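Enquirer: Contents of target12.cif (mmCIF, C-alpha atoms) are below:
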data_protein
loop_
_atom_site.label_atom_id
_atom_site.label_comp_id
_atom_site.auth_asym_id
_atom_site.auth_seq_id
_atom_site.Cartn_x
_atom_site.Cartn_y
_atom_site.Cartn_z
CA MET A 1 45.01 -111.49 -60.15
CA GLU A 2 48.64 -111.46 -58.95
CA ASN A 3 47.96 -108.41 -56.79
CA LEU A 4 44.88 -110.04 -55.31
CA LYS A 5 46.76 -113.23 -54.39
CA SER A 6 49.60 -111.31 -52.75
CA ASN A 7 47.16 -109.21 -50.75
CA ILE A 8 44.98 -112.15 -49.74
CA ASP A 9 48.09 -114.01 -48.54
CA ARG A 10 49.20 -110.96 -46.55
CA TYR A 11 45.85 -110.40 -44.87
CA MET A 12 45.40 -114.11 -44.18
CA GLU A 13 48.67 -113.91 -42.28
CA LEU A 14 47.51 -110.84 -40.38
CA LYS A 15 44.24 -112.50 -39.46
CA GLY A 16 45.83 -115.84 -38.53
CA ILE A 17 44.12 -117.76 -41.35
CA ARG A 18 46.58 -120.49 -42.28
CA MET A 19 45.02 -122.17 -45.31
CA TYR A 20 42.82 -121.22 -48.26
CA SER A 21 40.38 -123.94 -47.20
CA HIS A 22 40.02 -122.18 -43.84
CA LEU A 23 39.41 -118.90 -45.65
CA LEU A 24 36.71 -120.58 -47.76
CA VAL A 25 35.03 -121.85 -44.59
CA ASP A 26 35.04 -118.27 -43.27
CA ILE A 27 33.53 -117.09 -46.56
CA ALA A 28 30.84 -119.76 -46.22
CA HIS A 29 30.01 -118.49 -42.73
CA GLU A 30 29.66 -114.95 -44.06
CA LEU A 31 27.29 -116.30 -46.70
CA GLY A 32 25.14 -117.85 -43.98
CA ILE A 33 26.33 -121.43 -44.51
CA LYS A 34 26.87 -123.12 -41.16
CA GLY A 35 28.14 -126.39 -39.66
CA GLN A 36 29.33 -129.21 -41.88
CA GLU A 37 27.78 -127.51 -44.91
CA ALA A 38 30.46 -124.81 -44.64
CA TYR A 39 33.20 -127.43 -44.98
CA LYS A 40 31.42 -129.03 -47.93
CA PHE A 41 31.23 -125.58 -49.50
CA ALA A 42 34.97 -125.06 -48.98
CA ASP A 43 35.79 -128.42 -50.52
CA LYS A 44 33.57 -127.69 -53.52
CA GLU A 45 35.01 -124.22 -54.13
CA LYS A 46 38.73 -124.81 -53.46
CA SER A 47 39.59 -125.73 -57.07
CA ASN A 48 37.88 -122.64 -58.53
CA PHE A 49 39.38 -120.44 -55.81
CA SER A 50 42.85 -121.76 -56.64
CA LYS A 51 42.30 -121.00 -60.33
CA MET A 52 41.18 -117.50 -59.40
CA LEU A 53 44.39 -116.91 -57.44
CA LYS A 54 46.39 -118.08 -60.46
CA GLY A 55 44.53 -115.65 -62.70
CA GLU A 56 42.79 -118.41 -64.64
CA ARG A 57 39.29 -117.23 -63.71
CA SER A 58 37.67 -114.17 -62.18
CA LEU A 59 36.80 -113.66 -58.53
CA LYS A 60 33.29 -114.89 -57.76
CA TYR A 61 31.04 -111.93 -57.18
CA ASP A 62 29.44 -113.57 -54.14
CA PHE A 63 32.85 -113.61 -52.46
CA ILE A 64 33.45 -109.84 -52.57
CA ILE A 65 31.52 -108.77 -49.47
CA PRO A 66 32.63 -111.78 -47.37
CA LEU A 67 36.29 -111.07 -48.20
CA GLU A 68 35.85 -107.39 -47.38
CA LYS A 69 34.31 -108.28 -44.02
CA ILE A 70 36.86 -110.98 -43.16
CA PHE A 71 39.88 -108.81 -43.95
CA GLY A 72 38.31 -105.51 -42.96
CA ILE A 73 39.26 -103.71 -46.17
CA SER A 74 37.61 -102.87 -49.46
CA LEU A 75 38.09 -104.87 -52.64
CA ALA A 76 39.68 -101.79 -54.18
CA ARG A 77 42.48 -102.06 -51.62
CA LEU A 78 42.81 -105.81 -52.17
CA LEU A 79 43.38 -105.11 -55.86
CA TYR A 80 45.92 -102.36 -55.19
CA GLU A 81 49.40 -103.47 -56.21
CA ASP A 82 51.23 -102.53 -53.02
CA ALA A 83 48.40 -102.94 -50.53
CA TYR A 84 49.95 -106.00 -48.91
CA LYS A 85 53.11 -103.98 -48.19
CA LEU A 86 51.23 -101.35 -46.18
CA PRO A 87 51.72 -101.60 -42.42
CA ALA A 88 48.76 -102.97 -40.52
CA GLU A 89 48.35 -104.48 -37.09
CA LYS A 90 46.85 -107.89 -36.69
CA GLY A 91 43.22 -107.63 -35.59
CA ASN A 92 43.19 -103.90 -36.21
CA VAL A 93 42.82 -103.60 -39.97
CA PRO A 94 40.59 -100.59 -40.69
CA PHE A 95 37.28 -101.47 -42.33
CA ASN A 96 36.03 -98.79 -44.70
CA LYS A 97 32.31 -99.55 -44.78
CA GLY A 98 31.13 -98.65 -48.24
CA PHE A 99 27.55 -98.65 -49.51
CA ARG A 100 28.02 -102.18 -50.88
CA TYR A 101 28.42 -103.37 -47.29
CA TYR A 102 25.12 -101.82 -46.20
CA ALA A 103 23.18 -103.20 -49.17
CA TYR A 104 24.62 -106.65 -48.50
CA LEU A 105 23.69 -106.72 -44.80
CA ASP A 106 20.39 -104.87 -45.41
CA ASP A 107 20.10 -104.13 -41.70
CA PRO A 108 17.50 -101.43 -40.84
CA LYS A 109 19.46 -100.43 -37.72
CA LEU A 110 22.69 -99.89 -39.68
CA TYR A 111 20.83 -97.81 -42.26
CA LYS A 112 19.41 -95.65 -39.50
CA ASP A 113 22.54 -95.35 -37.34
CA GLU A 114 25.35 -95.20 -39.89
CA PHE A 115 24.36 -94.99 -43.54
CA ASP A 116 22.80 -91.56 -43.44
CA VAL A 117 25.87 -89.85 -41.97
CA LEU A 118 28.35 -91.18 -44.52
CA LEU A 119 29.68 -88.49 -46.82
CA THR A 120 32.28 -88.42 -49.53
CA ASN A 121 35.28 -86.13 -49.24
CA ASP A 122 33.50 -83.39 -51.15
CA GLY A 123 30.51 -83.52 -48.83
CA LYS A 124 28.10 -85.20 -51.24
CA SER A 125 25.70 -87.90 -50.17
CA ILE A 126 26.75 -91.54 -50.29
CA LEU A 127 23.88 -92.02 -52.75
CA THR A 128 25.93 -90.33 -55.48
CA GLN A 129 29.06 -92.42 -54.97
CA THR A 130 30.20 -95.17 -57.31
CA ASP A 131 32.63 -97.96 -56.50
CA GLU A 132 35.51 -99.51 -58.40
CA PHE A 133 32.99 -101.22 -60.69
CA GLY A 134 31.18 -97.99 -61.48
CA LYS A 135 28.12 -99.10 -59.49
CA ASN A 136 26.15 -97.08 -56.97
CA PHE A 137 24.08 -97.99 -53.93
CA LEU A 138 20.92 -98.55 -55.99
CA ASP A 139 22.78 -101.09 -58.14
CA TYR A 140 23.61 -103.12 -55.06
CA VAL A 141 20.13 -102.77 -53.60
CA VAL A 142 18.93 -104.51 -56.76
CA GLU A 143 21.74 -107.07 -56.80
CA TYR A 144 21.33 -108.11 -53.17
CA HIS A 145 17.53 -107.73 -53.16
CA SER A 146 17.85 -105.32 -50.26
CA VAL A 147 14.18 -104.78 -49.44
CA ASN A 148 15.02 -102.92 -46.23
CA GLY A 149 17.22 -100.62 -48.29
CA VAL A 150 14.27 -99.85 -50.56
CA ARG A 151 12.06 -99.03 -47.59
CA TYR A 152 14.80 -96.92 -46.01
CA LEU A 153 15.26 -94.88 -49.19
CA HIS A 154 11.50 -94.40 -49.41
CA ASP A 155 10.93 -93.44 -45.78
CA GLU A 156 14.04 -91.31 -45.25
CA TYR A 157 14.77 -89.90 -48.70
CA GLY A 158 11.39 -90.05 -50.43
CA ILE A 159 12.88 -91.82 -53.46
CA LYS A 160 10.73 -91.15 -56.51
CA LEU A 161 11.05 -91.63 -60.25
CA LYS A 162 10.44 -88.15 -61.61
CA TRP A 163 11.47 -87.53 -65.18
CA SER A 164 11.33 -89.15 -68.56
CA HIS A 165 14.78 -90.72 -68.68
CA ASN A 166 14.60 -92.87 -65.55
CA GLN A 167 15.97 -90.32 -63.12
CA PHE A 168 15.33 -90.84 -59.42
CA GLU A 169 14.88 -87.97 -57.01
CA PHE A 170 15.86 -88.04 -53.33
CA ARG A 171 14.77 -85.38 -50.84
CA LYS A 172 16.10 -84.98 -47.32
CA ASP A 173 16.50 -81.97 -45.03
CA LYS A 174 15.39 -79.59 -47.80
CA GLY A 175 18.11 -80.92 -50.10
CA ILE A 176 17.44 -82.64 -53.42
CA THR A 177 19.62 -85.21 -55.19
CA TRP A 178 18.98 -86.68 -58.63
CA ILE A 179 20.49 -89.95 -59.81
CA HIS A 180 20.20 -91.37 -63.32
CA PHE A 181 19.73 -95.11 -62.90
CA GLU A 182 19.83 -97.47 -65.88
CA ASN A 183 18.57 -100.45 -63.88
CA GLY A 184 15.10 -99.03 -63.27
CA ILE A 185 13.25 -102.13 -64.52
CA GLU A 186 15.06 -104.52 -62.17
CA PHE A 187 14.54 -102.06 -59.34
CA ALA A 188 10.82 -102.01 -60.21
CA ARG A 189 10.72 -105.81 -60.05
CA LEU A 190 12.34 -105.71 -56.62
CA VAL A 191 9.90 -103.10 -55.32
CA ALA A 192 6.95 -105.02 -56.79
CA SER A 193 8.14 -108.19 -55.02
CA MET A 194 7.66 -106.43 -51.67
CA ASN A 195 3.87 -106.60 -52.15
CA ASP A 196 3.39 -103.03 -50.96
CA VAL A 197 1.27 -101.28 -53.58
CA GLU A 198 1.42 -97.87 -51.92
CA LEU A 199 5.21 -98.04 -51.71
CA PHE A 200 5.50 -99.06 -55.36
CA ASN A 201 3.18 -96.33 -56.61
CA ASN A 202 4.94 -93.72 -54.48
CA ILE A 203 8.32 -94.60 -55.97
CA TYR A 204 7.10 -95.15 -59.52
CA ASP A 205 4.91 -92.07 -59.54
CA SER A 206 3.03 -92.23 -62.83
CA TYR A 207 0.81 -89.31 -61.75
CA ASN A 208 3.59 -86.75 -61.41
CA MET A 209 5.01 -87.18 -64.89
CA PHE A 210 1.54 -87.09 -66.42
CA PHE A 211 0.30 -83.98 -64.64
CA THR A 212 3.67 -82.23 -65.02
CA ASN A 213 4.42 -83.03 -68.65
CA GLY A 214 0.99 -84.00 -69.94
CA HIS A 215 2.50 -87.10 -71.52
CA TYR A 216 5.13 -89.77 -70.93
CA ALA A 217 7.64 -88.20 -73.30
CA THR A 218 9.64 -90.79 -75.24
CA GLU A 219 9.83 -94.56 -75.39
CA ASP A 220 12.82 -94.22 -73.04
CA CYS A 221 10.35 -93.43 -70.27
CA ILE A 222 9.92 -96.48 -68.08
CA PHE A 223 6.12 -96.09 -68.10
CA CYS A 224 6.19 -96.86 -71.83
CA GLN A 225 8.48 -99.87 -71.66
CA ASP A 226 7.10 -103.35 -72.25
CA GLU A 227 8.85 -104.89 -69.24
CA TYR A 228 7.40 -102.31 -66.86
CA LEU A 229 3.88 -102.72 -68.24
CA GLU A 230 4.22 -106.48 -67.79
CA ILE A 231 5.11 -105.91 -64.13
CA MET A 232 1.88 -103.92 -63.75
CA LEU A 233 -0.22 -106.51 -65.59
CA ASP A 234 1.30 -109.59 -63.94
CA ASN A 235 0.96 -108.35 -60.36
CA ASP A 236 -2.73 -108.49 -59.43
CA ASP A 237 -2.45 -105.96 -56.61
CA LEU A 238 -0.61 -103.43 -58.78
CA PHE A 239 -3.05 -104.05 -61.62
CA ASN A 240 -6.06 -103.45 -59.39
CA SER A 241 -4.53 -100.20 -58.15
CA ILE A 242 -4.76 -98.59 -61.60
CA PHE A 243 -8.55 -98.42 -61.23
CA GLU A 244 -8.48 -96.53 -57.93
CA ILE A 245 -9.68 -92.94 -58.00
CA LYS A 246 -7.41 -91.06 -55.66
CA PRO A 247 -6.46 -87.46 -54.95
CA TYR A 248 -3.08 -86.35 -56.23
CA GLU A 249 -1.56 -83.07 -55.11
CA LEU A 250 0.68 -81.52 -57.73
CA LYS A 251 2.94 -78.88 -56.23
CA MET A 252 3.48 -75.88 -58.45
CA GLY A 253 6.88 -74.66 -59.58
CA ASN A 254 7.73 -70.96 -59.61
CA ILE A 255 6.07 -70.34 -62.99
CA GLY A 256 2.99 -72.34 -62.03
CA ARG A 257 2.59 -70.48 -58.73
CA ARG A 258 2.74 -67.11 -60.46
CA LYS A 259 0.30 -68.19 -63.14
CA LYS A 260 -2.22 -70.03 -60.96
CA GLN A 261 -1.72 -68.00 -57.78
CA VAL A 262 -1.76 -71.24 -55.78
CA ASP A 263 0.95 -73.46 -54.32
CA SER A 264 -0.60 -76.69 -55.54
CA ILE A 265 -3.48 -78.25 -57.47
CA THR A 266 -5.22 -81.42 -56.32
CA TYR A 267 -6.51 -83.74 -59.04
CA ARG A 268 -8.71 -86.79 -58.55
CA SER A 269 -8.27 -89.48 -61.16
CA ILE A 270 -7.53 -93.07 -61.97
CA ASN A 271 -3.89 -94.00 -62.55
CA PRO A 272 -2.60 -92.31 -65.74
CA ILE A 273 -0.80 -95.51 -66.76
CA ILE A 274 -4.10 -97.34 -67.27
CA ASN A 275 -4.31 -96.65 -71.02
CA ASN A 276 -0.71 -97.76 -71.54
CA CYS A 277 -1.61 -101.01 -69.78
CA LEU A 278 -4.69 -101.41 -71.98
CA ARG A 279 -2.73 -100.66 -75.14
CA TYR A 280 -0.11 -103.28 -74.26
CA ALA A 281 -2.74 -105.86 -73.27
CA LEU A 282 -4.60 -105.37 -76.57
CA LYS A 283 -1.38 -105.92 -78.49
CA HIS A 284 -0.75 -109.15 -76.55
CA LEU A 285 -4.19 -110.71 -76.21
CA ASP A 286 -2.69 -114.18 -76.16
CA LYS A 287 -1.34 -113.43 -72.69
CA TYR A 288 -3.35 -110.49 -71.38
CA LYS A 289 -6.83 -110.80 -72.88
CA HIS A 290 -8.45 -111.10 -69.44
CA LYS A 291 -6.69 -107.93 -68.29
CA ALA A 292 -7.77 -106.06 -71.43
CA ILE A 293 -11.36 -107.16 -70.79
CA ASP A 294 -11.17 -105.97 -67.17
CA ILE A 295 -9.99 -102.51 -68.25
CA LEU A 296 -12.57 -102.23 -71.04
CA LYS A 297 -15.45 -103.22 -68.75
CA PHE A 298 -14.26 -100.66 -66.24
CA GLY A 299 -13.91 -98.05 -69.00
CA ILE A 300 -17.45 -98.59 -70.30
CA ASN A 301 -18.91 -97.60 -66.93
CA TYR A 302 -16.29 -95.00 -66.09
CA ASN A 303 -16.54 -93.07 -69.36
CA ARG A 304 -20.33 -92.99 -69.06
CA ARG A 305 -20.05 -91.65 -65.54
CA ILE A 306 -17.73 -88.85 -66.67
CA ASP A 307 -20.10 -88.07 -69.55
CA GLY A 308 -22.89 -87.64 -67.03
CA GLU A 309 -20.86 -85.11 -65.06
CA VAL A 310 -19.83 -82.77 -67.91
CA ASP A 311 -21.15 -81.20 -71.07
CA PHE A 312 -19.86 -83.68 -73.65
CA ASN A 313 -19.26 -81.02 -76.31
CA ASP A 314 -17.04 -78.92 -74.03
CA TYR A 315 -14.45 -81.62 -73.38
CA TYR A 316 -11.84 -83.37 -75.47
CA VAL A 317 -9.13 -86.03 -75.19
CA CYS A 318 -5.82 -84.20 -75.39
CA ASN A 319 -3.23 -87.00 -75.53
CA GLU A 320 -2.54 -90.72 -75.93
CA LEU A 321 -2.95 -91.30 -72.18
CA GLY A 322 -6.61 -90.32 -72.13
CA GLY A 323 -6.22 -86.91 -70.50
CA LEU A 324 -9.55 -85.06 -70.60
CA LYS A 325 -9.63 -81.25 -70.76
CA ASN A 326 -12.17 -78.50 -71.17
CA PHE A 327 -11.85 -76.39 -74.33
CA ARG A 328 -12.07 -73.27 -72.14
CA ASN A 329 -8.98 -73.91 -70.00
CA GLU A 330 -5.82 -75.99 -69.91
CA ASP A 331 -6.40 -77.86 -66.64
CA TYR A 332 -7.06 -81.58 -66.66
CA TYR A 333 -10.53 -82.66 -65.66
CA ASP A 334 -9.93 -86.39 -65.57
CA ILE A 335 -8.54 -89.39 -67.43
CA ILE A 336 -10.85 -91.55 -69.52
CA ILE A 337 -10.34 -94.93 -71.19
CA ILE A 338 -9.42 -94.81 -74.88
CA VAL A 339 -8.55 -97.41 -77.52
CA ASP A 340 -6.21 -96.80 -80.45
CA VAL A 341 -5.30 -100.41 -81.29
CA GLU A 342 -6.96 -102.59 -83.94
CA VAL A 343 -7.93 -106.07 -82.73
CA ASN A 344 -9.48 -109.13 -84.37
CA ASP A 345 -10.95 -110.76 -81.28
CA ASP A 346 -14.78 -110.58 -81.45
CA GLU A 347 -15.33 -110.51 -77.68
CA VAL A 348 -12.86 -107.68 -77.22
CA LYS A 349 -14.19 -105.77 -80.25
CA SER A 350 -17.72 -105.90 -78.85
CA LEU A 351 -16.51 -104.28 -75.62
CA ILE A 352 -14.57 -101.62 -77.53
CA ASN A 353 -17.72 -100.77 -79.49
CA ARG A 354 -19.54 -100.12 -76.21
CA LEU A 355 -16.83 -97.74 -74.99
CA LEU A 356 -17.99 -94.13 -75.11
CA GLU A 357 -15.57 -92.01 -77.16
CA PHE A 358 -14.96 -88.36 -76.38
CA ASN A 359 -13.92 -85.74 -78.91
CA LYS A 360 -10.24 -85.65 -79.78
CA LEU A 361 -8.19 -82.56 -80.45
CA LYS A 362 -7.44 -82.39 -84.17
#
For the structure just supplied, provide its representation as structure tokens.
Expert:
Amino acid sequence: MENLKSNIDRYMELKGIRMYSHLLVDIAHELGIKGQEAYKFADKEKSNFSKMLKGERSLKYDFIIPLEKIFGISLARLLYEDAYKLPAEKGNVPFNKGFRYYAYLDDPKLYKDEFDVLLTNDGKSILTQTDEFGKNFLDYVVEYHSVNGVRYLHDEYGIKLKWSHNQFEFRKDKGITWIHFENGIEFARLVASMNDVELFNNIYDSYNMFFTNGHYATEDCIFCQDEYLEIMLDNDDLFNSIFEIKPYELKMGNIGRRKKQVDSITYRSINPIINNCLRYALKHLDKYKHKAIDILKFGINYNRRIDGEVDFNDYYVCNELGGLKNFRNEDYYDIIIIVDVEVNDDEVKSLINRLLEFNKLK
């Protein structure tokens, strides 16, 4: 931390900040702490801050953005060995606004006016950049709970989880960017906390992967992960959305367009994740029995309705997600409710026994 101390001392001098306690008060103000509480904060933190400057403990993560804003430079520069030797005029220290800054402020106007035009030196979008910690903008959206950032990415870039290994797609001005994001579960929790079901289901598009791949690939897929299924089961609005029958337009790729002679196919179905939710609920009846019962009761009526619309002998269940197809073609007709878990609960077993089973492909 020797470099950091030297640089902090230098920039304190440039900014006319005489004491570390004064700097801590400024940090408190940046954190939204006002009045006498800011001075109490400074008094509480001065010992730890002193230890940090001596290299006895690490810099508090909450202090990074405030220090960058106060000094007008990035943390990367503060950590640079000779940064404090570089010439700079008092009150005119250049502030390189990185994506961390925008996620921290989470200001819709700044996103609209500034964020979109930021490019790296090679002309790539700011979305693909990583900082000195190896983190990207999505990491900081999660860390700072930047709900306006989520909405901005949805409205302007059409952010959508597309493929089996937690890869997010961004589309803007006919360009497409893909980002592999390991923190997809925490991002899902953040999006779910916004209480906007349509937004959540647009970003975590369980229809696309199903109708494109016909399955959810491997256990690495977020739609198969326990934590994601718990998000769906614990949030009543998200849970209720899995029963909705809605149109879903699947746009064809080049091969699909040549084969089908159409640009897109519109399916109408319940949410393809419904059987994953049921499977998880049945395995954890101690916590989700009521949710399993809700799905089974729905399935009893829904499967019977589908049976009344088709010739039973012509259709079969083609995968573990309940996809229903006609033997004569490869297009999906619908999704039905299936059970492939053994349970000991009598009430649940009685409902399972009432669930109409379709033929399965052997």
Enquirer: How would you write, as a PyMOL selection string, the residues chosen by the PyMOL selection byres ((chain A and resi 205) around 12) on this structure?
Expert: chain A and resi 158-164+166-169+188+197-204+206-212+216+222-223+242+248-250+271-273
Enquirer: Excluding Asp307 (chain A) and residues on its chain fewer than 2 positions from it, collect all residues at most 12 Å away from it, counting only C-alpha atoms, and give them as a PyMOL selection string.
Expert: chain A and resi 299-305+309-316+324+333-336+355-359
Enquirer: Quick one: apply the PyMOL selection byres ((chain A and resi 67) around 10) to the file and drop the selected residues here as a ChimeraX atom specification.
Expert: /A:8,23-24,26-27,30,62-66,68-75,78
Enquirer: Excluding same-chain residues fewer than 6 positions from region 343-350 of chain A, what lies within 12 Å of it counting all atoms listed in the file, as a PyMOL selection string?
Expert: chain A and resi 278-286+288-297+300
Enquirer: Using all atoms listed in the file, determine which residues lie at most 6 Å from region 136-150 of chain A, disregarding the query and same-chain residues fewer than 3 positions distant; provide the list as a PyMOL selection string.
Expert: chain A and resi 99+103-104+106+129-130+153+187
Enquirer: Would you translate the PyMOL selection byres ((chain A and resi 25) around 10) into the concrete set of residues it matches in this file, as a list in words?
Expert: Tyr20, Ser21, His22, Leu23, Leu24, Asp26, Ile27, Ala28, His29, Glu30, Leu31, Ile33, Lys34, Gly35, Gln36, Glu37, Ala38, Tyr39, Lys40, Phe41, Ala42, Asp43 and Glu45 of chain A
Enquirer: Can you work out which one of A:Leu127, A:Val262, A:Ala192, A:Leu321 has the shortest atom-to-atom distance to Met232 (chain A), counting all atoms listed in the file?
Expert: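 When distances to Met232 (chain A) are compared using all atoms listed in the file, the smallest one comes from A:Ala192.
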Enquirer: How far is it from CA of Met252 (chain A) to CA of Glu156 (chain A), in Å with one decimal?
Expert: 22.9 Å
Enquirer: Using only C-alpha atoms, which of the listed residues (A:Thr266, A:Asn353, A:Lys260, A:Asp234) sits closest to Lys246 (chain A)?
Expert: A:Thr266
